[in-house]
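File shown: run_35.cif (mmCIF, N, CA and C atoms).
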```cif
data_my_file
loop_
_atom_site.label_atom_id
_atom_site.label_comp_id
_atom_site.auth_asym_id
_atom_site.auth_seq_id
_atom_site.Cartn_x
_atom_site.Cartn_y
_atom_site.Cartn_z
N MET N 1 -0.84 -28.22 8.86
CA MET N 1 0.22 -27.50 9.55
C MET N 1 0.49 -26.20 8.82
N ASP N 2 0.55 -25.12 9.55
CA ASP N 2 0.79 -23.80 8.98
C ASP N 2 2.30 -23.57 8.85
N ASP N 3 2.75 -23.18 7.67
CA ASP N 3 4.17 -22.91 7.45
C ASP N 3 4.45 -21.41 7.50
N GLY N 4 3.57 -20.63 8.07
CA GLY N 4 3.73 -19.18 8.14
C GLY N 4 4.83 -18.77 9.08
N TYR N 5 5.07 -17.49 9.12
CA TYR N 5 6.15 -16.91 9.93
C TYR N 5 5.99 -17.24 11.41
N ASN N 6 4.79 -17.15 11.93
CA ASN N 6 4.58 -17.34 13.36
C ASN N 6 4.67 -18.79 13.80
N SER N 7 4.63 -19.74 12.88
CA SER N 7 4.67 -21.14 13.27
C SER N 7 6.10 -21.67 13.37
N ARG N 8 7.06 -20.93 12.86
CA ARG N 8 8.45 -21.40 12.89
C ARG N 8 9.11 -21.10 14.23
N TYR N 9 9.98 -22.01 14.65
CA TYR N 9 10.72 -21.82 15.89
C TYR N 9 11.84 -20.82 15.64
N ARG N 10 11.95 -19.83 16.50
CA ARG N 10 12.97 -18.80 16.35
C ARG N 10 13.84 -18.71 17.59
N ASN N 11 14.27 -19.75 18.13
CA ASN N 11 15.10 -19.92 19.32
C ASN N 11 14.46 -19.30 20.55
N GLY N 12 14.96 -19.67 21.70
CA GLY N 12 14.36 -19.21 22.94
C GLY N 12 14.99 -17.95 23.49
N GLY N 13 16.10 -17.51 22.93
CA GLY N 13 16.78 -16.34 23.45
C GLY N 13 16.17 -15.05 22.95
N THR N 14 16.62 -13.97 23.54
CA THR N 14 16.14 -12.65 23.13
C THR N 14 17.25 -11.93 22.38
N ALA N 15 16.87 -10.87 21.70
CA ALA N 15 17.87 -10.05 21.01
C ALA N 15 18.84 -9.45 22.01
N GLY N 16 18.32 -9.06 23.17
CA GLY N 16 19.18 -8.51 24.21
C GLY N 16 20.17 -9.52 24.74
N GLY N 17 19.75 -10.78 24.87
CA GLY N 17 20.67 -11.81 25.33
C GLY N 17 21.81 -12.02 24.37
N LEU N 18 21.49 -12.03 23.08
CA LEU N 18 22.54 -12.19 22.07
C LEU N 18 23.50 -11.01 22.06
N LEU N 19 22.96 -9.81 22.04
CA LEU N 19 23.82 -8.62 21.99
C LEU N 19 24.52 -8.37 23.32
N GLY N 20 23.90 -8.78 24.42
CA GLY N 20 24.56 -8.66 25.72
C GLY N 20 25.78 -9.56 25.81
N CYS N 21 25.65 -10.78 25.33
CA CYS N 21 26.79 -11.70 25.31
C CYS N 21 27.88 -11.20 24.39
N LEU N 22 27.48 -10.71 23.23
CA LEU N 22 28.46 -10.20 22.27
C LEU N 22 29.22 -9.01 22.85
N SER N 23 28.51 -8.08 23.48
CA SER N 23 29.19 -6.92 24.05
C SER N 23 30.08 -7.32 25.22
N ALA N 24 29.64 -8.29 26.02
CA ALA N 24 30.47 -8.75 27.13
C ALA N 24 31.76 -9.38 26.61
N VAL N 25 31.66 -10.12 25.52
CA VAL N 25 32.86 -10.72 24.94
C VAL N 25 33.79 -9.65 24.37
N LEU N 26 33.20 -8.69 23.65
CA LEU N 26 34.02 -7.64 23.03
C LEU N 26 34.69 -6.74 24.06
N VAL N 27 34.06 -6.53 25.20
CA VAL N 27 34.66 -5.72 26.26
C VAL N 27 35.54 -6.59 27.16
N GLY N 28 35.07 -7.78 27.47
CA GLY N 28 35.73 -8.62 28.47
C GLY N 28 37.06 -9.19 28.05
N ILE N 29 37.18 -9.61 26.78
CA ILE N 29 38.44 -10.23 26.35
C ILE N 29 39.61 -9.25 26.45
N PRO N 30 39.50 -8.04 25.88
CA PRO N 30 40.64 -7.13 26.03
C PRO N 30 40.85 -6.66 27.48
N LEU N 31 39.76 -6.42 28.19
CA LEU N 31 39.87 -5.92 29.56
C LEU N 31 40.50 -6.95 30.48
N MET N 32 39.98 -8.17 30.45
CA MET N 32 40.53 -9.21 31.32
C MET N 32 41.90 -9.67 30.83
N GLY N 33 42.11 -9.64 29.51
CA GLY N 33 43.44 -9.97 29.00
C GLY N 33 44.49 -8.98 29.47
N GLY N 34 44.13 -7.70 29.41
CA GLY N 34 45.06 -6.66 29.89
C GLY N 34 45.31 -6.78 31.38
N ALA N 35 44.27 -7.05 32.16
CA ALA N 35 44.43 -7.22 33.60
C ALA N 35 45.28 -8.45 33.91
N PHE N 36 45.09 -9.51 33.14
CA PHE N 36 45.89 -10.72 33.35
C PHE N 36 47.37 -10.47 33.04
N VAL N 37 47.63 -9.82 31.91
CA VAL N 37 49.03 -9.53 31.54
C VAL N 37 49.65 -8.58 32.56
N ALA N 38 48.91 -7.56 33.00
CA ALA N 38 49.44 -6.64 33.99
C ALA N 38 49.73 -7.34 35.31
N SER N 39 48.90 -8.30 35.69
CA SER N 39 49.14 -9.01 36.95
C SER N 39 50.32 -9.97 36.84
N ILE N 40 50.56 -10.52 35.67
CA ILE N 40 51.68 -11.45 35.50
C ILE N 40 53.01 -10.70 35.41
N ILE N 41 53.01 -9.58 34.69
CA ILE N 41 54.25 -8.84 34.45
C ILE N 41 54.61 -7.92 35.60
N GLY N 42 53.63 -7.38 36.27
CA GLY N 42 53.82 -6.25 37.18
C GLY N 42 54.78 -6.44 38.33
N ASP N 43 55.37 -5.35 38.71
CA ASP N 43 56.19 -5.18 39.92
C ASP N 43 57.36 -6.15 40.04
N CYS N 44 58.16 -6.26 39.03
CA CYS N 44 59.37 -7.08 39.13
C CYS N 44 60.56 -6.15 39.40
N ILE N 45 61.07 -6.23 40.60
CA ILE N 45 62.26 -5.46 40.97
C ILE N 45 63.32 -6.44 41.45
N PRO N 46 64.57 -6.06 41.36
CA PRO N 46 65.63 -7.03 41.72
C PRO N 46 65.57 -7.52 43.17
N GLU N 47 65.12 -6.68 44.11
CA GLU N 47 65.12 -7.09 45.51
C GLU N 47 63.96 -8.01 45.88
N ALA N 48 62.88 -8.03 45.08
CA ALA N 48 61.70 -8.82 45.42
C ALA N 48 61.40 -9.80 44.29
N PRO N 49 60.88 -10.96 44.65
CA PRO N 49 60.52 -11.91 43.59
C PRO N 49 59.27 -11.41 42.83
N CYS N 50 59.26 -11.73 41.56
CA CYS N 50 58.10 -11.36 40.73
C CYS N 50 56.92 -12.24 41.11
N HIS N 51 55.74 -11.67 41.15
CA HIS N 51 54.57 -12.49 41.43
C HIS N 51 54.03 -13.01 40.11
N LYS N 52 53.98 -14.30 40.00
CA LYS N 52 53.56 -14.98 38.77
C LYS N 52 52.17 -15.58 38.90
N ALA N 53 51.36 -15.02 39.74
CA ALA N 53 49.99 -15.50 39.91
C ALA N 53 49.02 -14.39 39.52
N ILE N 54 47.77 -14.75 39.40
CA ILE N 54 46.75 -13.78 39.02
C ILE N 54 46.48 -12.83 40.19
N ASP N 55 46.49 -11.55 39.90
CA ASP N 55 46.19 -10.53 40.90
C ASP N 55 44.69 -10.28 40.87
N TRP N 56 43.99 -10.76 41.88
CA TRP N 56 42.53 -10.67 41.89
C TRP N 56 42.05 -9.25 42.13
N PHE N 57 42.93 -8.37 42.62
CA PHE N 57 42.55 -6.97 42.76
C PHE N 57 42.47 -6.28 41.40
N LEU N 58 43.11 -6.83 40.39
CA LEU N 58 42.97 -6.34 39.01
C LEU N 58 41.87 -7.11 38.27
N MET N 59 41.83 -8.42 38.46
CA MET N 59 40.86 -9.24 37.73
C MET N 59 39.44 -9.06 38.23
N GLY N 60 39.26 -8.82 39.52
CA GLY N 60 37.92 -8.65 40.08
C GLY N 60 37.14 -7.52 39.43
N PRO N 61 37.70 -6.31 39.40
CA PRO N 61 36.99 -5.22 38.72
C PRO N 61 36.79 -5.47 37.23
N ALA N 62 37.74 -6.11 36.58
CA ALA N 62 37.59 -6.42 35.16
C ALA N 62 36.42 -7.37 34.93
N ILE N 63 36.29 -8.36 35.79
CA ILE N 63 35.16 -9.30 35.69
C ILE N 63 33.85 -8.58 35.99
N ALA N 64 33.85 -7.72 37.00
CA ALA N 64 32.63 -6.98 37.36
C ALA N 64 32.20 -6.05 36.23
N ILE N 65 33.14 -5.37 35.59
CA ILE N 65 32.82 -4.48 34.46
C ILE N 65 32.26 -5.28 33.30
N THR N 66 32.86 -6.43 33.02
CA THR N 66 32.39 -7.28 31.93
C THR N 66 30.95 -7.76 32.18
N ILE N 67 30.67 -8.19 33.39
CA ILE N 67 29.31 -8.63 33.73
C ILE N 67 28.33 -7.47 33.63
N ALA N 68 28.73 -6.31 34.12
CA ALA N 68 27.84 -5.14 34.07
C ALA N 68 27.54 -4.73 32.64
N VAL N 69 28.54 -4.76 31.78
CA VAL N 69 28.33 -4.40 30.37
C VAL N 69 27.39 -5.41 29.70
N GLY N 70 27.61 -6.69 29.95
CA GLY N 70 26.76 -7.72 29.34
C GLY N 70 25.31 -7.61 29.77
N PHE N 71 25.08 -7.54 31.08
CA PHE N 71 23.70 -7.44 31.57
C PHE N 71 23.07 -6.09 31.25
N GLY N 72 23.88 -5.03 31.29
CA GLY N 72 23.35 -3.70 30.95
C GLY N 72 22.90 -3.62 29.50
N ASN N 73 23.70 -4.14 28.59
CA ASN N 73 23.30 -4.14 27.19
C ASN N 73 22.12 -5.06 26.95
N ARG N 74 22.06 -6.17 27.63
CA ARG N 74 20.91 -7.08 27.49
C ARG N 74 19.63 -6.36 27.91
N TRP N 75 19.68 -5.69 29.06
CA TRP N 75 18.51 -4.99 29.56
C TRP N 75 18.10 -3.87 28.60
N LEU N 76 19.08 -3.10 28.13
CA LEU N 76 18.77 -1.97 27.25
C LEU N 76 18.17 -2.43 25.92
N VAL N 77 18.74 -3.44 25.30
CA VAL N 77 18.21 -3.92 24.02
C VAL N 77 16.82 -4.52 24.20
N ASN N 78 16.62 -5.32 25.24
CA ASN N 78 15.29 -5.89 25.48
C ASN N 78 14.26 -4.79 25.73
N ARG N 79 14.66 -3.77 26.45
CA ARG N 79 13.75 -2.64 26.71
C ARG N 79 13.40 -1.90 25.42
N LEU N 80 14.39 -1.67 24.57
CA LEU N 80 14.12 -1.00 23.29
C LEU N 80 13.24 -1.84 22.38
N VAL N 81 13.48 -3.15 22.34
CA VAL N 81 12.65 -4.03 21.51
C VAL N 81 11.22 -4.04 22.03
N ARG N 82 11.05 -4.09 23.34
CA ARG N 82 9.70 -4.08 23.91
C ARG N 82 9.00 -2.75 23.60
N TRP N 83 9.73 -1.65 23.71
CA TRP N 83 9.16 -0.33 23.38
C TRP N 83 8.74 -0.28 21.92
N TRP N 84 9.59 -0.82 21.05
CA TRP N 84 9.34 -0.83 19.60
C TRP N 84 8.09 -1.66 19.28
N ARG N 85 8.00 -2.83 19.90
CA ARG N 85 6.85 -3.71 19.65
C ARG N 85 5.56 -3.15 20.25
N ASP N 86 5.62 -2.51 21.41
CA ASP N 86 4.43 -1.94 22.03
C ASP N 86 3.81 -0.84 21.19
N ARG N 87 4.62 -0.16 20.42
CA ARG N 87 4.12 0.90 19.57
C ARG N 87 3.71 0.41 18.18
N GLY N 88 3.89 -0.88 17.93
CA GLY N 88 3.48 -1.47 16.65
C GLY N 88 4.39 -1.09 15.50
N LEU N 89 5.61 -0.69 15.79
CA LEU N 89 6.53 -0.25 14.74
C LEU N 89 7.12 -1.41 13.95
N HIS N 90 6.95 -2.64 14.42
CA HIS N 90 7.52 -3.80 13.73
C HIS N 90 6.57 -4.35 12.67
N ARG N 91 5.34 -3.88 12.63
CA ARG N 91 4.37 -4.40 11.66
C ARG N 91 4.62 -3.79 10.29
N PRO N 92 4.53 -4.62 9.23
CA PRO N 92 4.76 -4.10 7.88
C PRO N 92 3.68 -3.11 7.43
N ASP N 93 2.48 -3.16 8.02
CA ASP N 93 1.41 -2.26 7.60
C ASP N 93 1.47 -0.91 8.32
N HIS N 94 2.49 -0.73 9.18
CA HIS N 94 2.63 0.54 9.88
C HIS N 94 3.12 1.61 8.90
N GLY N 95 2.47 2.71 8.86
CA GLY N 95 2.78 3.75 7.88
C GLY N 95 3.95 4.62 8.22
N GLY N 96 4.41 4.66 9.45
CA GLY N 96 5.45 5.61 9.83
C GLY N 96 6.68 4.94 10.15
#
```
Have the structure of the file written as structure tokens, please.
Amino acid sequence: MDDGYNSRYRNGGTAGGLLGCLSAVLVGIPLMGGAFVASIIGDCIPEAPCHKAIDWFLMGPAIAITIAVGFGNRWLVNRLVRWWRDRGLHRPDHGG
């Protein structure tokens, strides 16, 4: 059995998947948290009852932005890694 670098299991995910999830979390938590707080607090006037439910007109775009950031970063990182590997820049014997 070969114990070299190529024989070891290095998980099934990609670098883009990891960084895409991380960016989605970093963008999504504050964005959706702010939309949630704004929907809970918003528009309380004495003549009308306050709405204490989630406003999907605020949460919908926040969810869409979070998904777009996650998948966009995943695509971009995977594309850059593929470009880097296609040019052989990851090899230790590469001179440049």
Minimum-distance residue to N:Pro30, chosen among N:Gly70, N:Trp83, N:Ile54, N:Ala62 (using only C-alpha atoms): N:Ala62
Give me the residues within 9 Å of N:Ala38 as a PyMOL selection string, counting only C-alpha atoms and dropping any in the same chain fewer than 4 places off. chain N and resi 33-34+42+55+58
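Distance annotation: of N:Val69, N:Ile41, N:Ile63, N:Phe57, the residue with the minimal separation from N:Val25 is N:Val69; atom set is only N, CA and C atoms.
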Just the number, please: distance in Å from atom CA of N:Ala15 to atom CA of N:Leu31, one decimal.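 Distance reported for this atom pair: 24.0 Å.
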Distance atom C of N:Gly20-atom N of N:Gly60, one decimal place?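 Between atom C of N:Gly20 and atom N of N:Gly60 the gap is 19.2 Å.
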